[in-house]
Amino acid sequence: MLVMVLHEYRLFQLARAHEQPHRGLSKGALLDGVLIEKCHTLEAILETLTSRLPDMCRQDHVSFLCIDSIGGLARNEFNVTERNQIFERTALLFKLSQRLKWLSDTFGVCIVVVNQVCTCDVICFEVPW
């Protein structure tokens, strides 16, 4: 599994929140086999998706990709009060979605894009997550 994050501390925080030592689920066991790729900009995410991830899918057999958080980066990088920035942001997000679809179709990668995952229990559609 590959996780693309702005800050990896969120992933460690989630693993700590869900570890169950009595069942052999330590933080280390939960993160075993997880590759972490830090991306600080939308362009860095696009570059990773374009140049590094295809090789990782072939060599490391990446089958699941989780990206946290494209939305936060898009909000920080673009001023939506300026019309040209809205078009630039939309074009970049479209490129990202095209690349994600290509990766999924080409390598069979399951892709999940989340927006600032939290460790608290959430109830959605009356199902605890």
# chains A, B, ... in the order shown; residues from 1 in each chain; ligands from 1
>>> residues_around(residues="Glu19 in chain A", least_positions_apart="5", cutoff="10 Å", atoms="only C-alpha atoms", output="list in words")
Leu14, Gly24, Leu25, Ser26, Lys27, Gly28, Ala29 and Leu30 of chain A
>>> residues_around(residues="range 90-93 of chain A", least_positions_apart="3", cutoff="12 Å", atoms="only C-alpha atoms", output="JSON, numbers by chain")
{"A": [41, 42, 43, 44, 45, 46, 47, 70, 71, 73, 74, 75, 77, 78, 80, 83, 84, 85, 86, 87, 96, 97, 98, 99, 100]}
>>> write_last_selection(atoms="N, CA and C atoms", output="CSV table (one decimal), in the first residue's frame")
chain,number,residue,atom,x,y,z
A,41,THR,N,3.0,19.8,-2.4
A,41,THR,CA,2.2,20.6,-3.3
A,41,THR,C,1.4,19.7,-4.3
A,42,LEU,N,0.5,20.3,-4.9
A,42,LEU,CA,-0.3,19.5,-5.9
A,42,LEU,C,0.6,19.1,-7.1
A,43,GLU,N,1.5,19.9,-7.5
A,43,GLU,CA,2.5,19.6,-8.5
A,43,GLU,C,3.4,18.4,-8.1
A,44,ALA,N,3.8,18.4,-6.8
A,44,ALA,CA,4.6,17.2,-6.3
A,44,ALA,C,3.8,15.9,-6.4
A,45,ILE,N,2.5,16.0,-6.1
A,45,ILE,CA,1.6,14.8,-6.2
A,45,ILE,C,1.5,14.4,-7.7
A,46,LEU,N,1.3,15.3,-8.6
A,46,LEU,CA,1.2,15.0,-10.0
A,46,LEU,C,2.6,14.4,-10.5
A,47,GLU,N,3.7,15.0,-10.1
A,47,GLU,CA,5.0,14.5,-10.5
A,47,GLU,C,5.2,13.0,-10.0
A,70,ILE,N,-5.7,16.2,-1.0
A,70,ILE,CA,-5.7,17.0,-2.2
A,70,ILE,C,-6.4,18.3,-2.0
A,71,GLY,N,-7.6,18.2,-1.3
A,71,GLY,CA,-8.4,19.4,-1.0
A,71,GLY,C,-7.7,20.5,-0.2
A,73,LEU,N,-4.5,21.0,0.0
A,73,LEU,CA,-3.4,21.6,-0.8
A,73,LEU,C,-4.1,22.6,-1.8
A,74,ALA,N,-5.2,22.2,-2.4
A,74,ALA,CA,-5.8,23.0,-3.4
A,74,ALA,C,-6.3,24.3,-2.8
A,75,ARG,N,-6.8,24.3,-1.6
A,75,ARG,CA,-7.3,25.5,-0.9
A,75,ARG,C,-6.1,26.4,-0.6
A,77,GLU,N,-3.1,26.5,-2.1
A,77,GLU,CA,-2.2,26.9,-3.2
A,77,GLU,C,-2.9,27.9,-4.2
A,78,PHE,N,-4.2,28.0,-4.1
A,78,PHE,CA,-4.9,28.9,-5.1
A,78,PHE,C,-5.8,29.9,-4.4
A,80,VAL,N,-9.1,31.5,-4.8
A,80,VAL,CA,-10.3,31.3,-5.6
A,80,VAL,C,-11.0,32.6,-5.9
A,83,ARG,N,-10.2,34.8,-10.9
A,83,ARG,CA,-10.8,33.9,-11.9
A,83,ARG,C,-9.8,33.0,-12.5
A,84,ASN,N,-8.6,33.6,-12.9
A,84,ASN,CA,-7.6,32.7,-13.6
A,84,ASN,C,-7.1,31.6,-12.7
A,85,GLN,N,-7.1,31.9,-11.4
A,85,GLN,CA,-6.6,30.8,-10.4
A,85,GLN,C,-7.6,29.7,-10.3
A,86,ILE,N,-8.9,30.0,-10.4
A,86,ILE,CA,-9.9,29.0,-10.4
A,86,ILE,C,-9.7,28.1,-11.6
A,87,PHE,N,-9.5,28.6,-12.8
A,87,PHE,CA,-9.2,27.8,-14.0
A,87,PHE,C,-8.0,27.0,-13.8
A,96,LEU,N,-4.8,15.6,-12.3
A,96,LEU,CA,-4.6,14.6,-11.2
A,96,LEU,C,-5.6,13.5,-11.3
A,97,SER,N,-6.8,13.8,-11.6
A,97,SER,CA,-7.9,12.8,-11.7
A,97,SER,C,-7.6,11.9,-12.9
A,98,GLN,N,-7.2,12.5,-14.0
A,98,GLN,CA,-6.8,11.7,-15.2
A,98,GLN,C,-5.7,10.7,-14.9
A,99,ARG,N,-4.7,11.2,-14.2
A,99,ARG,CA,-3.6,10.3,-13.9
A,99,ARG,C,-4.0,9.2,-13.0
A,100,LEU,N,-4.8,9.5,-12.0
A,100,LEU,CA,-5.3,8.5,-11.0
A,100,LEU,C,-6.1,7.4,-11.8
>>> closest_residue(among="A:Cys66, A:His18, A:Arg58, A:Arg89", to="Glu37 in chain A", atoms="only C-alpha atoms")
A:Cys66
>>> select_by_dssp(residues="chain A", states="alpha helix (DSSP H)", output="ChimeraX atom specification")
/A:9-18,27-31,42-47,53-59,70-77,83-107
>>> select_by_dssp(residues="range 2-111 of chain A", states="strand (DSSP E or B)", output="PDB file with N, CA and C atoms, in the first residue's frame")
ATOM      1  N   LEU A   2       0.522   2.219  -0.753  1.00  0.00           N
ATOM      2  CA  LEU A   2       1.227   3.490  -0.781  1.00  0.00           C
ATOM      3  C   LEU A   2       0.293   4.557  -0.241  1.00  0.00           C
ATOM      4  N   VAL A   3       0.808   5.367   0.652  1.00  0.00           N
ATOM      5  CA  VAL A   3       0.043   6.479   1.196  1.00  0.00           C
ATOM      6  C   VAL A   3       0.785   7.753   0.847  1.00  0.00           C
ATOM      7  N   MET A   4       0.107   8.660   0.163  1.00  0.00           N
ATOM      8  CA  MET A   4       0.693   9.960  -0.159  1.00  0.00           C
ATOM      9  C   MET A   4       0.106  10.979   0.797  1.00  0.00           C
ATOM     10  N   VAL A   5       0.984  11.645   1.540  1.00  0.00           N
ATOM     11  CA  VAL A   5       0.530  12.559   2.574  1.00  0.00           C
ATOM     12  C   VAL A   5       1.341  13.840   2.547  1.00  0.00           C
ATOM     13  N   GLN A  20      -3.938  -2.632  18.780  1.00  0.00           N
ATOM     14  CA  GLN A  20      -4.499  -3.525  19.798  1.00  0.00           C
ATOM     15  C   GLN A  20      -3.436  -4.564  20.132  1.00  0.00           C
ATOM     16  N   LEU A  25      -1.728  -6.430  17.123  1.00  0.00           N
ATOM     17  CA  LEU A  25      -1.829  -5.298  16.199  1.00  0.00           C
ATOM     18  C   LEU A  25      -1.120  -4.086  16.790  1.00  0.00           C
ATOM     19  N   LEU A  35       4.099   2.044   2.242  1.00  0.00           N
ATOM     20  CA  LEU A  35       5.086   2.984   1.729  1.00  0.00           C
ATOM     21  C   LEU A  35       4.514   4.384   1.879  1.00  0.00           C
ATOM     22  N   ILE A  36       5.313   5.311   2.358  1.00  0.00           N
ATOM     23  CA  ILE A  36       4.842   6.679   2.564  1.00  0.00           C
ATOM     24  C   ILE A  36       5.599   7.609   1.626  1.00  0.00           C
ATOM     25  N   GLU A  37       4.861   8.399   0.908  1.00  0.00           N
ATOM     26  CA  GLU A  37       5.438   9.377  -0.018  1.00  0.00           C
ATOM     27  C   GLU A  37       4.927  10.747   0.410  1.00  0.00           C
ATOM     28  N   LYS A  38       5.836  11.618   0.825  1.00  0.00           N
ATOM     29  CA  LYS A  38       5.434  12.963   1.260  1.00  0.00           C
ATOM     30  C   LYS A  38       5.405  13.907   0.064  1.00  0.00           C
ATOM     31  N   PHE A  64      -2.810  -0.563  -3.612  1.00  0.00           N
ATOM     32  CA  PHE A  64      -3.741   0.348  -2.944  1.00  0.00           C
ATOM     33  C   PHE A  64      -3.034   1.668  -2.735  1.00  0.00           C
ATOM     34  N   LEU A  65      -3.684   2.750  -3.122  1.00  0.00           N
ATOM     35  CA  LEU A  65      -3.125   4.089  -2.976  1.00  0.00           C
ATOM     36  C   LEU A  65      -4.113   4.946  -2.223  1.00  0.00           C
ATOM     37  N   CYS A  66      -3.645   5.575  -1.162  1.00  0.00           N
ATOM     38  CA  CYS A  66      -4.476   6.504  -0.388  1.00  0.00           C
ATOM     39  C   CYS A  66      -3.794   7.858  -0.415  1.00  0.00           C
ATOM     40  N   ILE A  67      -4.528   8.876  -0.819  1.00  0.00           N
ATOM     41  CA  ILE A  67      -3.980  10.233  -0.871  1.00  0.00           C
ATOM     42  C   ILE A  67      -4.740  11.102   0.126  1.00  0.00           C
ATOM     43  N   ASP A  68      -3.997  11.731   1.024  1.00  0.00           N
ATOM     44  CA  ASP A  68      -4.545  12.647   2.027  1.00  0.00           C
ATOM     45  C   ASP A  68      -3.684  13.904   2.005  1.00  0.00           C
ATOM     46  N   CYS A 110      -6.239   0.182  -6.512  1.00  0.00           N
ATOM     47  CA  CYS A 110      -7.406   0.753  -5.844  1.00  0.00           C
ATOM     48  C   CYS A 110      -6.974   2.090  -5.274  1.00  0.00           C
ATOM     49  N   ILE A 111      -7.717   3.148  -5.586  1.00  0.00           N
ATOM     50  CA  ILE A 111      -7.316   4.497  -5.179  1.00  0.00           C
ATOM     51  C   ILE A 111      -8.398   5.121  -4.312  1.00  0.00           C
TER      52      ILE A 111
END
>>> closest_residue(among="A:Thr81, A:Ser69, A:Gln13, A:Asn76", to="Val113 in chain A", atoms="only C-alpha atoms")
A:Ser69
>>> atom_distance(atom1="CA of Gln59 in chain A", atom2="CA of Phe94 in chain A")
27.1 Å
>>> closest_residue(among="A:Phe107, A:Arg23, A:Arg10, A:Glu88", to="Leu53 in chain A", atoms="only C-alpha atoms")
A:Phe107
>>> atom_distance(atom1="CA of Val112 in chain A", atom2="CA of Pro21 in chain A")
27.3 Å
>>> atom_distance(atom1="CA of Glu8 in chain A", atom2="CA of Cys39 in chain A")
10.0 Å
